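This is model34.csv. It holds CSV, C-alpha atoms.
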chain,number,residue,atom,x,y,z
A,118,MET,CA,25.1,-7.3,14.9
A,119,VAL,CA,25.5,-3.7,13.9
A,120,LEU,CA,23.1,-4.2,11.0
A,121,MET,CA,20.6,-5.8,13.3
A,122,ASN,CA,20.8,-2.9,15.7
A,123,PHE,CA,20.4,-0.5,12.8
A,124,LEU,CA,17.4,-2.4,11.6
A,125,LEU,CA,15.8,-2.4,15.0
A,126,GLN,CA,16.5,1.3,15.6
A,127,ASN,CA,15.0,2.2,12.2
A,128,ILE,CA,12.2,-0.3,12.0
A,129,GLY,CA,9.6,2.4,11.7
A,130,VAL,CA,11.3,4.2,8.9
A,131,LEU,CA,11.9,0.9,7.1
A,132,GLN,CA,8.2,-0.1,7.5
A,133,ASP,CA,7.1,3.3,6.1
A,134,LEU,CA,9.5,2.9,3.1
A,135,LEU,CA,8.2,-0.6,2.5
A,136,ASP,CA,4.6,0.5,2.8
A,137,LEU,CA,5.2,3.4,0.3
A,138,SER,CA,7.2,1.3,-2.1
A,139,LEU,CA,4.6,-1.5,-2.2
A,140,THR,CA,1.8,1.0,-2.7
A,141,ALA,CA,3.6,2.6,-5.6
A,142,LEU,CA,4.3,-0.8,-7.1
A,143,ILE,CA,0.7,-1.8,-6.9
A,144,ILE,CA,-0.5,1.4,-8.4
A,145,TRP,CA,2.1,1.2,-11.2
A,146,ARG,CA,1.2,-2.4,-12.0
A,147,LEU,CA,-2.5,-1.6,-12.1
A,148,SER,CA,-1.8,1.5,-14.3
A,149,ARG,CA,0.2,-0.8,-16.8
A,150,LEU,CA,-3.1,-2.7,-17.5
A,151,MET,CA,-4.4,0.5,-19.1
A,152,LYS,CA,-3.3,2.6,-22.0
A,153,THR,CA,-0.6,5.0,-21.0
A,154,VAL,CA,-2.5,8.1,-21.8
A,155,LEU,CA,-5.5,6.8,-19.9
A,156,ALA,CA,-3.4,5.8,-16.9
A,157,LEU,CA,-1.9,9.3,-16.8
A,158,ARG,CA,-5.3,10.9,-16.7
A,159,ILE,CA,-6.6,8.6,-14.0
A,160,LEU,CA,-3.5,8.9,-11.9
A,161,ALA,CA,-3.6,12.7,-12.2
A,162,ALA,CA,-7.3,12.9,-11.3
A,163,LEU,CA,-6.9,10.6,-8.3
A,164,SER,CA,-3.9,12.6,-7.1
A,165,ALA,CA,-5.9,15.8,-7.3
A,166,LEU,CA,-8.7,14.2,-5.4
A,167,VAL,CA,-6.4,13.1,-2.6
A,168,VAL,CA,-4.7,16.5,-2.4
A,169,GLY,CA,-8.1,18.1,-2.3
A,170,HIS,CA,-9.3,15.8,0.5
A,171,LEU,CA,-6.1,16.4,2.5
A,172,LEU,CA,-6.4,20.2,2.2
A,173,ALA,CA,-10.1,20.2,3.1
A,174,ARG,CA,-9.4,18.1,6.1
A,175,LEU,CA,-6.4,20.3,7.2
A,176,LEU,CA,-8.4,23.5,6.9
A,177,PHE,CA,-11.6,22.1,8.4
A,178,LEU,CA,-13.5,22.8,5.2
A,179,GLN,CA,-16.3,20.4,5.9
A,180,THR,CA,-18.5,20.9,2.8
A,181,VAL,CA,-15.5,20.8,0.4
A,182,ARG,CA,-14.3,17.7,2.3
A,183,LEU,CA,-17.7,16.1,1.9
A,184,ILE,CA,-17.5,16.7,-1.9
A,185,PHE,CA,-14.0,15.3,-2.2
A,186,ASP,CA,-14.8,12.3,0.1
A,187,THR,CA,-17.8,11.5,-2.0
A,188,PHE,CA,-15.8,11.7,-5.2
A,189,LEU,CA,-13.0,9.6,-3.7
A,190,ALA,CA,-15.4,7.0,-2.4
A,191,SER,CA,-17.3,6.7,-5.7
A,192,SER,CA,-14.2,7.0,-7.9
A,193,VAL,CA,-13.8,3.2,-8.2
A,194,VAL,CA,-17.4,2.8,-9.5
A,195,VAL,CA,-17.1,6.0,-11.7
A,196,LEU,CA,-13.8,4.8,-13.2
A,197,ALA,CA,-15.2,1.3,-13.7
A,198,VAL,CA,-18.2,2.7,-15.7
A,199,ILE,CA,-16.2,5.3,-17.7
A,200,PHE,CA,-13.4,2.9,-18.6
A,201,GLN,CA,-15.3,-0.4,-18.7
A,202,THR,CA,-13.8,-1.3,-22.1
A,203,ASP,CA,-10.2,-0.8,-20.9
A,204,ILE,CA,-10.9,-2.6,-17.6
A,205,ARG,CA,-12.4,-5.5,-19.4
A,206,ARG,CA,-9.3,-5.6,-21.6
A,207,ALA,CA,-7.1,-5.5,-18.5
A,208,PHE,CA,-8.9,-8.3,-16.8
A,209,ALA,CA,-8.8,-10.4,-20.0
A,210,ALA,CA,-5.1,-9.8,-20.1
A,211,LEU,CA,-4.8,-11.6,-16.8
A,212,ILE,CA,-6.2,-14.8,-18.3
A,213,ARG,CA,-3.3,-16.6,-20.0
A,214,SER,CA,-3.6,-19.6,-22.1
A,215,HIS,CA,-1.5,-22.6,-21.2
A,216,ALA,CA,-1.5,-24.7,-24.4
A,217,VAL,CA,1.8,-26.4,-24.9
A,218,LYS,CA,2.1,-26.8,-28.6
A,219,ASP,CA,5.5,-25.7,-30.0
A,220,VAL,CA,5.4,-23.6,-33.1
A,221,GLU,CA,8.2,-22.2,-35.1
A,222,MET,CA,7.4,-18.5,-35.0
A,223,SER,CA,9.6,-17.7,-38.0
A,224,ASP,CA,7.8,-20.3,-40.1
A,225,LEU,CA,4.4,-19.0,-39.2
A,226,ILE,CA,5.3,-15.4,-40.0
A,227,ASP,CA,6.9,-16.5,-43.3
A,228,GLU,CA,3.7,-18.4,-44.2
A,229,LEU,CA,1.6,-15.4,-43.3
A,230,VAL,CA,3.7,-12.9,-45.2
A,231,PHE,CA,3.8,-15.2,-48.3
A,232,ALA,CA,0.0,-15.6,-48.2
A,233,VAL,CA,-0.6,-11.9,-47.7
A,234,ALA,CA,1.8,-11.0,-50.5
A,235,GLY,CA,0.0,-13.3,-52.9
A,236,LEU,CA,-3.5,-12.0,-51.9
A,237,SER,CA,-2.3,-8.4,-52.2
A,238,GLN,CA,-0.9,-9.1,-55.7
A,239,LYS,CA,-4.2,-10.6,-56.8
A,240,ARG,CA,-6.2,-7.9,-55.0
A,241,ILE,CA,-8.1,-10.4,-53.0
A,242,GLY,CA,-9.4,-8.9,-49.7
A,243,ALA,CA,-8.3,-10.6,-46.5
A,244,LEU,CA,-8.6,-10.2,-42.8
A,245,ILE,CA,-6.2,-12.1,-40.5
A,246,VAL,CA,-6.3,-11.9,-36.7
A,247,ILE,CA,-3.3,-13.0,-34.6
A,248,GLU,CA,-4.2,-13.4,-31.0
A,249,ARG,CA,-1.7,-12.2,-28.5
A,250,SER,CA,-2.2,-12.1,-24.7
A,251,ILE,CA,-5.9,-11.3,-24.7
A,252,GLN,CA,-8.3,-13.9,-25.9
A,253,VAL,CA,-10.5,-12.8,-28.8
A,254,ASP,CA,-13.1,-15.5,-28.6
A,255,SER,CA,-15.7,-13.4,-26.9
A,256,TYR,CA,-15.5,-10.8,-29.6
A,257,LEU,CA,-16.1,-13.1,-32.6
A,258,ALA,CA,-19.4,-13.8,-34.2
A,259,VAL,CA,-20.3,-16.7,-36.5
A,260,GLY,CA,-17.2,-18.4,-37.9
A,261,THR,CA,-16.2,-21.9,-38.8
A,262,GLU,CA,-13.9,-23.9,-36.6
A,263,ILE,CA,-10.8,-25.2,-38.4
A,264,ASP,CA,-7.9,-26.0,-36.2
A,265,ALA,CA,-5.2,-26.4,-38.8
A,266,LYS,CA,-1.5,-25.5,-39.2
A,267,VAL,CA,-1.0,-22.0,-40.6
A,268,THR,CA,0.1,-22.4,-44.3
A,269,SER,CA,0.1,-19.8,-47.0
A,270,GLU,CA,-1.9,-22.2,-49.3
A,271,LEU,CA,-4.7,-22.6,-46.7
A,272,ILE,CA,-5.0,-18.9,-46.0
A,273,SER,CA,-5.0,-18.1,-49.7
A,274,SER,CA,-7.7,-20.6,-50.4
A,275,ILE,CA,-9.9,-19.4,-47.6
A,276,PHE,CA,-9.9,-15.9,-49.0
A,277,LEU,CA,-10.5,-16.9,-52.6
A,278,PRO,CA,-13.8,-15.2,-53.7
A,279,TYR,CA,-15.6,-18.5,-54.4
A,280,SER,CA,-14.8,-19.8,-50.9
A,281,PRO,CA,-17.9,-20.0,-48.7
A,282,ILE,CA,-15.9,-18.5,-45.7
A,283,HIS,CA,-13.9,-15.9,-47.6
A,284,ASP,CA,-16.1,-13.0,-46.3
A,285,GLY,CA,-14.8,-12.8,-42.7
A,286,ALA,CA,-11.6,-13.0,-40.7
A,287,VAL,CA,-9.4,-16.0,-40.0
A,288,ILE,CA,-8.2,-16.3,-36.4
A,289,ILE,CA,-4.7,-17.5,-35.4
A,290,GLN,CA,-4.5,-18.6,-31.8
A,291,HIS,CA,-1.5,-20.3,-30.2
A,292,GLY,CA,0.2,-20.6,-33.6
A,293,LYS,CA,-2.7,-22.5,-35.2
A,294,LEU,CA,-5.4,-21.4,-37.6
A,295,THR,CA,-8.5,-22.0,-35.4
A,296,ARG,CA,-11.4,-20.3,-37.1
A,297,ALA,CA,-12.4,-18.7,-40.4
A,298,GLY,CA,-15.3,-16.6,-41.7
A,299,CYS,CA,-15.6,-14.7,-38.4
A,300,PHE,CA,-17.3,-11.4,-38.1
A,301,LEU,CA,-15.5,-8.8,-35.9
A,302,PRO,CA,-16.9,-5.9,-34.0
A,303,LEU,CA,-16.7,-2.7,-36.1
A,304,THR,CA,-14.9,0.4,-34.6
A,305,GLN,CA,-17.1,2.9,-32.9
A,306,ASN,CA,-14.6,5.7,-33.4
A,307,LEU,CA,-16.4,8.6,-35.1
A,308,GLU,CA,-13.2,10.2,-36.2
A,309,VAL,CA,-12.4,7.4,-38.6
A,310,SER,CA,-12.5,8.4,-42.3
A,311,LYS,CA,-15.8,7.5,-44.1
A,312,SER,CA,-13.7,6.1,-46.9
A,313,LEU,CA,-12.5,3.3,-44.7
A,314,GLY,CA,-14.1,0.0,-45.7
A,315,THR,CA,-15.9,-2.5,-43.5
A,316,ARG,CA,-12.9,-4.9,-43.4
A,317,HIS,CA,-10.7,-2.1,-42.1
A,318,ARG,CA,-13.3,-0.9,-39.7
A,319,ALA,CA,-13.6,-4.5,-38.3
A,320,ALA,CA,-9.8,-4.7,-38.0
A,321,MET,CA,-9.7,-1.4,-36.1
A,322,GLY,CA,-12.7,-2.4,-34.0
A,323,LEU,CA,-11.2,-5.6,-32.7
A,324,SER,CA,-7.8,-4.1,-32.2
A,325,GLU,CA,-9.4,-1.4,-30.0
A,326,LEU,CA,-10.8,-4.1,-27.7
A,327,VAL,CA,-8.0,-6.6,-27.5
A,328,ASP,CA,-4.2,-6.6,-28.1
A,329,ALA,CA,-4.5,-8.8,-31.2
A,330,VAL,CA,-2.5,-8.0,-34.4
A,331,VAL,CA,-4.9,-7.7,-37.3
A,332,ILE,CA,-3.7,-7.8,-40.9
A,333,VAL,CA,-5.9,-6.4,-43.6
A,334,VAL,CA,-5.5,-6.8,-47.4
A,335,SER,CA,-7.5,-4.2,-49.3
A,336,GLU,CA,-9.7,-5.6,-52.0
A,337,GLU,CA,-9.7,-2.3,-53.9
A,338,THR,CA,-6.0,-1.4,-53.8
A,339,GLY,CA,-4.2,-4.5,-52.6
A,340,THR,CA,-2.7,-2.4,-49.8
A,341,VAL,CA,-1.5,-4.3,-46.8
A,342,SER,CA,-2.2,-2.7,-43.4
A,343,VAL,CA,-1.7,-3.9,-39.8
A,344,PHE,CA,-3.9,-2.7,-36.9
A,345,VAL,CA,-2.7,-2.8,-33.3
A,346,GLY,CA,-4.4,-1.0,-30.4
A,347,GLY,CA,-6.7,0.8,-32.8
A,348,LYS,CA,-3.7,2.2,-34.7
A,349,LYS,CA,-3.1,1.5,-38.4
A,350,THR,CA,0.3,0.9,-40.1
A,351,THR,CA,-0.3,0.8,-43.9
A,352,ASN,CA,1.4,0.4,-47.2
A,353,LEU,CA,3.5,-2.5,-46.0
A,354,ASP,CA,5.5,-4.5,-48.5
A,355,PRO,CA,6.3,-8.2,-47.6
A,356,PRO,CA,9.7,-7.4,-46.0
A,357,ALA,CA,8.2,-4.6,-43.9
A,358,LEU,CA,5.2,-6.8,-42.9
A,359,GLY,CA,7.5,-9.6,-41.9
A,360,LYS,CA,9.7,-7.2,-39.8
A,361,LEU,CA,6.6,-5.7,-38.2
A,362,LEU,CA,5.1,-9.1,-37.3
A,363,ARG,CA,8.4,-10.3,-35.8
A,364,ARG,CA,8.4,-7.2,-33.6
A,365,LEU,CA,4.7,-7.5,-32.6
A,366,VAL,CA,4.3,-11.3,-32.2
A,367,GLU,CA,6.3,-13.0,-29.5
A,368,GLN,CA,6.9,-16.8,-29.3
A,369,ARG,CA,5.0,-17.1,-26.0
A,370,TRP,CA,1.7,-16.1,-27.7
A,371,LEU,CA,2.1,-18.9,-30.2
A,372,LYS,CA,2.4,-21.7,-27.7
B,1,MET,CA,3.3,8.8,-31.6
B,2,THR,CA,7.1,8.8,-31.5
B,3,GLU,CA,9.1,6.4,-29.4
B,4,ALA,CA,10.5,9.3,-27.3
B,5,LYS,CA,6.9,10.5,-26.6
B,6,VAL,CA,5.9,7.0,-25.4
B,7,GLN,CA,8.9,6.8,-23.2
B,8,GLU,CA,8.1,10.2,-21.7
B,9,GLN,CA,4.6,9.0,-20.9
B,10,VAL,CA,5.8,5.8,-19.3
B,11,VAL,CA,8.1,7.8,-17.1
B,12,ALA,CA,5.2,10.2,-16.3
B,13,VAL,CA,3.1,7.2,-15.3
B,14,ARG,CA,5.8,5.9,-12.9
B,15,LEU,CA,6.2,9.3,-11.3
B,16,LEU,CA,2.5,9.8,-10.9
B,17,SER,CA,2.2,6.3,-9.4
B,18,LEU,CA,4.8,7.3,-6.9
B,19,LEU,CA,3.1,10.6,-6.3
B,20,LEU,CA,-0.3,9.0,-5.7
B,21,ALA,CA,1.3,6.3,-3.5
B,22,GLY,CA,3.0,9.1,-1.5
B,23,LEU,CA,-0.3,11.0,-1.2
B,24,LEU,CA,-2.2,7.9,-0.1
B,25,TRP,CA,0.5,7.1,2.4
B,26,LEU,CA,0.5,10.6,3.7
B,27,GLY,CA,-3.3,10.6,4.0
B,28,VAL,CA,-3.3,7.3,5.9
B,29,ASN,CA,-0.5,8.4,8.2
B,30,LEU,CA,-2.0,11.8,8.9
B,31,GLU,CA,-5.1,10.0,10.1
B,32,ARG,CA,-3.1,8.1,12.8
B,33,PRO,CA,-3.6,9.5,16.3
B,34,GLY,CA,-1.1,11.9,17.7
B,35,GLU,CA,-0.7,14.4,20.5
B,36,VAL,CA,0.3,18.0,20.7
B,37,GLN,CA,1.0,20.4,23.6
B,38,LEU,CA,-0.1,24.0,23.4
B,39,GLN,CA,0.0,27.1,25.5
B,40,VAL,CA,-3.5,28.5,25.4
B,41,PRO,CA,-4.5,31.9,26.7
B,42,VAL,CA,-7.5,32.1,29.0
B,43,ALA,CA,-10.4,34.4,28.1
B,44,LEU,CA,-13.0,35.4,30.7
B,45,GLU,CA,-16.5,35.7,29.3
B,46,HIS,CA,-19.8,36.9,30.5
B,47,LEU,CA,-18.5,38.5,33.7
B,48,PRO,CA,-21.7,39.6,35.6
B,49,ALA,CA,-22.3,43.3,35.8
B,50,GLY,CA,-21.1,44.7,39.1
B,51,LEU,CA,-18.2,42.2,39.5
B,52,LEU,CA,-14.6,42.9,39.0
B,53,LEU,CA,-11.6,40.6,38.8
B,54,ALA,CA,-9.5,41.2,41.9
B,55,SER,CA,-6.8,38.6,41.3
B,56,SER,CA,-4.2,38.8,38.6
B,57,PRO,CA,-5.4,37.7,35.1
B,58,PRO,CA,-5.1,33.9,34.7
B,59,GLU,CA,-1.9,32.6,33.1
B,60,PRO,CA,-2.1,30.7,29.8
B,61,VAL,CA,-2.8,27.0,30.4
B,62,GLU,CA,-0.9,24.1,29.0
B,63,VAL,CA,-3.2,21.8,27.1
B,64,THR,CA,-2.4,18.4,25.7
B,65,VAL,CA,-4.7,17.5,22.7
B,66,SER,CA,-5.0,14.2,21.0
B,67,GLY,CA,-6.6,13.2,17.7
B,68,PRO,CA,-5.8,12.6,14.0
B,69,ARG,CA,-2.5,14.2,13.2
B,70,ILE,CA,-3.9,16.1,10.2
B,71,LEU,CA,-6.2,18.0,12.6
B,72,LEU,CA,-3.4,18.7,15.0
B,73,LEU,CA,-1.6,20.5,12.1
B,74,GLY,CA,-4.6,22.7,11.5
B,75,PRO,CA,-4.2,26.5,11.8
B,76,TRP,CA,-6.9,26.6,14.5
B,77,LEU,CA,-4.3,25.7,17.0
B,78,LEU,CA,-2.5,29.0,16.6
B,79,GLY,CA,-5.6,30.9,17.6
B,80,GLY,CA,-6.9,28.5,20.3
B,81,THR,CA,-8.4,30.0,23.5
B,82,CYS,CA,-9.6,28.6,26.8
B,83,ARG,CA,-13.0,30.4,27.3
B,84,LEU,CA,-14.2,30.6,30.9
B,85,ASP,CA,-17.9,31.3,31.3
B,86,LEU,CA,-18.4,33.5,34.4
B,87,SER,CA,-22.1,34.1,33.9
B,88,GLY,CA,-23.0,32.4,37.2
B,89,ALA,CA,-20.1,33.8,39.2
B,90,GLN,CA,-20.5,35.6,42.5
B,91,ALA,CA,-18.2,37.8,44.5
B,92,GLY,CA,-15.4,36.0,46.3
B,93,PRO,CA,-12.8,33.3,45.4
B,94,ALA,CA,-13.8,30.8,42.8
B,95,GLY,CA,-12.2,27.8,41.2
B,96,TYR,CA,-12.9,26.6,37.7
B,97,SER,CA,-11.9,23.0,36.9
B,98,ALA,CA,-13.0,20.4,34.2
B,99,LEU,CA,-11.8,22.8,31.5
B,100,ASP,CA,-11.9,20.2,28.8
B,101,GLY,CA,-15.0,21.7,27.1
B,102,SER,CA,-13.7,25.3,27.2
B,103,PHE,CA,-11.5,25.0,24.1
B,104,GLY,CA,-14.1,24.7,21.4
B,105,LEU,CA,-12.3,21.8,19.7
B,106,ASP,CA,-13.5,19.7,16.8
B,107,ARG,CA,-15.3,16.6,18.0
B,108,GLU,CA,-12.5,14.4,16.6
B,109,LEU,CA,-10.0,16.1,19.0
B,110,LYS,CA,-9.8,15.3,22.7
B,111,VAL,CA,-8.2,17.2,25.5
B,112,LEU,CA,-6.0,14.8,27.5
B,113,ARG,CA,-4.5,17.1,30.1
B,114,VAL,CA,-4.8,20.7,31.2
B,115,ARG,CA,-2.2,22.3,33.4
B,116,PRO,CA,-3.0,23.8,35.8
B,117,ALA,CA,-6.1,21.6,36.2
B,118,ALA,CA,-8.1,24.4,37.8
B,119,ILE,CA,-8.1,28.2,37.5
B,120,ARG,CA,-8.6,30.2,40.6
B,121,LEU,CA,-10.1,33.7,40.4
B,122,VAL,CA,-11.1,36.3,43.0
B,123,LEU,CA,-14.1,38.4,42.0
B,124,VAL,CA,-15.2,41.5,44.0
B,125,LYS,CA,-18.1,43.7,43.8
B,126,ALA,CA,-17.4,46.9,42.0
B,127,GLU,CA,-17.5,50.0,44.3
B,128,PRO,CA,-20.0,52.5,43.1
B,129,ALA,CA,-18.3,55.5,41.8
B,130,PRO,CA,-18.2,58.4,44.4
B,131,ARG,CA,-20.6,61.3,43.7
Could you express the structure from this file as structure tokens?
Amino acid sequence: MVLMNFLLQNIGVLQDLLDLSLTALIIWRLSRLMKTVLALRILAALSALVVGHLLARLLFLQTVRLIFDTFLASSVVVLAVIFQTDIRRAFAALIRSHAVKDVEMSDLIDELVFAVAGLSQKRIGALIVIERSIQVDSYLAVGTEIDAKVTSELISSIFLPYSPIHDGAVIIQHGKLTRAGCFLPLTQNLEVSKSLGTRHRAAMGLSELVDAVVIVVSEETGTVSVFVGGKKTTNLDPPALGKLLRRLVEQRWLK
Amino acid sequence: MTEAKVQEQVVAVRLLSLLLAGLLWLGVNLERPGEVQLQVPVALEHLPAGLLLASSPPEPVEVTVSGPRILLLGPWLLGGTCRLDLSGAQAGPAGYSALDGSFGLDRELKVLRVRPAAIRLVLVKAEPAPR
């Protein structure tokens, strides 16, 4: 009864608190769809616009208010144009796959590590994409559909120089090797070293667009690198590669 | 980027989300209608030549203004004045009512009540100065 009275007496305050909390939650959830640095910039810019609007309104600065209002009203379109890649990625993240095949993650990673170690030792170039929450299909060109269990023998044989599909990427989706010989979008980052080869540029390019984990074996040096979110982790030995993959790839993405 | 730096950025995003939510909430709530009561001095303007105010100067009027709350917070309220246009006045007692338009308010603000509703003045012809 006391609680009921308290709630009734403070219904306005509670409504305001709920309103504020839900708004903050929605903004926070939306900002999580973007890169953290990008979200910081957008949130700061929007906050500045709202503060500017409020001050202009409070002080009857009609022209300044017109400018801020115009910016605020068009901010959605402007942000959509400027950050179209990130927004596309964010929307793609909402689409989840519901395949129900069970895969032993540990086995898959062991097979991958074994195959990569063998390819690295023989200095055979390789490019392996592990799809995570964002589907990669729309970014792939050419390619041969396979739909096979991931085994080190299969991966090794695909990348052997005389294989007709060795010059491209293999794609692992939901724990299965689904395609091979795929061409990936190259990175558009101008700051990338010119010495970076096409295979590495392709790995970086795809990882900038989606959240996939991309493994690259250098044909020249045999070095193993992993690209995630446009960032490279290189000089990985088999144990380090296995550890990194176990950290990056979760069971839910392999089902 | 170090793990600590990433954590800092995540916290910053949370804080900025809360700040932006607070600002949006403030913006929305300050646009809700509100009311404010003010004591506003009366200024007599355009008194015709040859007329003098015989009655005591009018007391400040109490005005109730409604409109968006953000405009009711504006600094104009501190310097608000009720301006009476006496350009058509003649000698003798005169009453001025319907003062709503005398405050020079923004068009989004509305005068709800003015107390007193009318201002009474007595104007007399000025005596020519004795030679």
Could you give me, as CSV, a per-residue list for chain B showing, wherever an atom lies at most 8 Å from an atom of chain A, the closest pair of atoms and their distance in Å to one decimal, using only C-alpha atoms and sorting by chain then residue number from low to high?
residue,atom,partner,partner_atom,distance
B:Gln9,CA,A:Thr153,CA,6.6
B:Val10,CA,A:Thr153,CA,6.7
B:Ala12,CA,A:Leu157,CA,7.2
B:Val13,CA,A:Leu157,CA,5.6
B:Arg14,CA,A:Trp145,CA,6.2
B:Leu16,CA,A:Leu160,CA,6.1
B:Ser17,CA,A:Trp145,CA,5.4
B:Leu18,CA,A:Ala141,CA,5.0
B:Leu19,CA,A:Ser164,CA,7.3
B:Leu20,CA,A:Ser164,CA,5.3
B:Ala21,CA,A:Ala141,CA,4.8
B:Gly22,CA,A:Leu137,CA,6.4
B:Leu23,CA,A:Val167,CA,6.6
B:Leu24,CA,A:Val167,CA,7.1
B:Trp25,CA,A:Leu137,CA,6.3
B:Gly27,CA,A:Leu171,CA,6.6
B:Ile70,CA,A:Leu175,CA,5.7
B:Leu71,CA,A:Leu175,CA,5.9
B:Leu73,CA,A:Leu175,CA,6.9
B:Gly74,CA,A:Leu175,CA,5.2
B:Pro75,CA,A:Leu176,CA,7.1
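Around Ile241 of chain A, within 9 Å and counting all atoms listed in the file, the residues found are Gly235, Leu236, Ser237, Gln238, Ser273, Phe276, Leu277, Pro278, Val334, Ser335, Glu336, Glu337 and Gly339 of chain A, once anything fewer than 3 positions away on its own chain is removed.
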key: Coordinates-based distance that separates atom CA of Leu52 of chain B from atom CA of Leu38 of chain B (Å, one decimal)   = 28.5 Å
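Rounded to one decimal, atom CA of Ser97 of chain B and atom CA of Gly67 of chain B lie 22.2 Å from each other.
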task = Show which residues sit within 7 Å of Ile245 of chain A, as an MDAnalysis selection string. Count only C-alpha atoms, and ignore same-chain residues fewer than 6 positions away.
result = chainID A and resid 286:288 331:333
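Atom pair atom CA of Glu367 of chain A / atom CA of Gly285 of chain A: separated by 24.9 Å.
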task = Pick out the closest residue to Pro355 of chain A from this set: A:Val233, A:Ile282, A:Met151, A:Val327. Count all atoms listed in the file.
result = A:Val233
Mind listing whatever residues come within 7 Å of the point (-16.4, 36.8, 39.9)? Use all atoms listed in the file, file coordinates, and give them as a PDB file with C-alpha atoms, in the frame of the given file.
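Saved the output as part09.pdb:
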ATOM      1  CA  LEU B  47     -18.500  38.500  33.700  1.00  0.00           C
ATOM      2  CA  LEU B  51     -18.200  42.200  39.500  1.00  0.00           C
ATOM      3  CA  LEU B  52     -14.600  42.900  39.000  1.00  0.00           C
ATOM      4  CA  LEU B  53     -11.600  40.600  38.800  1.00  0.00           C
ATOM      5  CA  LEU B  86     -18.400  33.500  34.400  1.00  0.00           C
ATOM      6  CA  ALA B  89     -20.100  33.800  39.200  1.00  0.00           C
ATOM      7  CA  GLN B  90     -20.500  35.600  42.500  1.00  0.00           C
ATOM      8  CA  ALA B  91     -18.200  37.800  44.500  1.00  0.00           C
ATOM      9  CA  GLY B  92     -15.400  36.000  46.300  1.00  0.00           C
ATOM     10  CA  VAL B 122     -11.100  36.300  43.000  1.00  0.00           C
ATOM     11  CA  LEU B 123     -14.100  38.400  42.000  1.00  0.00           C
ATOM     12  CA  VAL B 124     -15.200  41.500  44.000  1.00  0.00           C
TER      13      VAL B 124
END
task = Using all atoms listed in the file, determine which residues lie at most 10 Å from Pro57 of chain B, disregarding the query and same-chain residues fewer than 4 positions distant; provide the list as a PyMOL selection string.
result = chain B and resi 42-44+53+120-122
task = Please provide the set of residues having any atom within 6 Å of Ile263 of chain A, restricted to all atoms listed in the file, with same-chain residues fewer than 2 positions apart removed, written as a PyMOL selection string.
result = chain A and resi 265+295-296
task = Could you give me, as a list in words, the residues within 7 Å of Pro68 of chain B, counting all atoms listed in the file and dropping anything in the same chain fewer than 6 positions from it?
result = Leu30, Glu31, Arg32, Pro33 and Gly34 of chain B
Would you mind exporting the chosen residues as an mmCIF file, in the frame of the given file, restricted to C-alpha atoms?
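This went into part27.cif:
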data_model
loop_
_atom_site.group_PDB
_atom_site.id
_atom_site.type_symbol
_atom_site.label_atom_id
_atom_site.label_comp_id
_atom_site.auth_asym_id
_atom_site.auth_seq_id
_atom_site.Cartn_x
_atom_site.Cartn_y
_atom_site.Cartn_z
ATOM 1 C CA LEU B 30 -2.000 11.800 8.900
ATOM 2 C CA GLU B 31 -5.100 10.000 10.100
ATOM 3 C CA ARG B 32 -3.100 8.100 12.800
ATOM 4 C CA PRO B 33 -3.600 9.500 16.300
ATOM 5 C CA GLY B 34 -1.100 11.900 17.700
#
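Considering all atoms listed in the file, the residue among B:Gln37, B:Gln7, B:Thr81, B:Ser66 positioned nearest to Arg107 of chain B is B:Ser66.
Counting only C-alpha atoms, the residue from B:Leu105, B:Val61, B:Val6, B:Val28 that sits nearest to Ile119 of chain B is B:Val61.
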query = Closest to Val114 of chain B among B:Pro48, B:Gly88, B:Gly101, B:Pro93, using only C-alpha atoms?
reply = B:Gly101
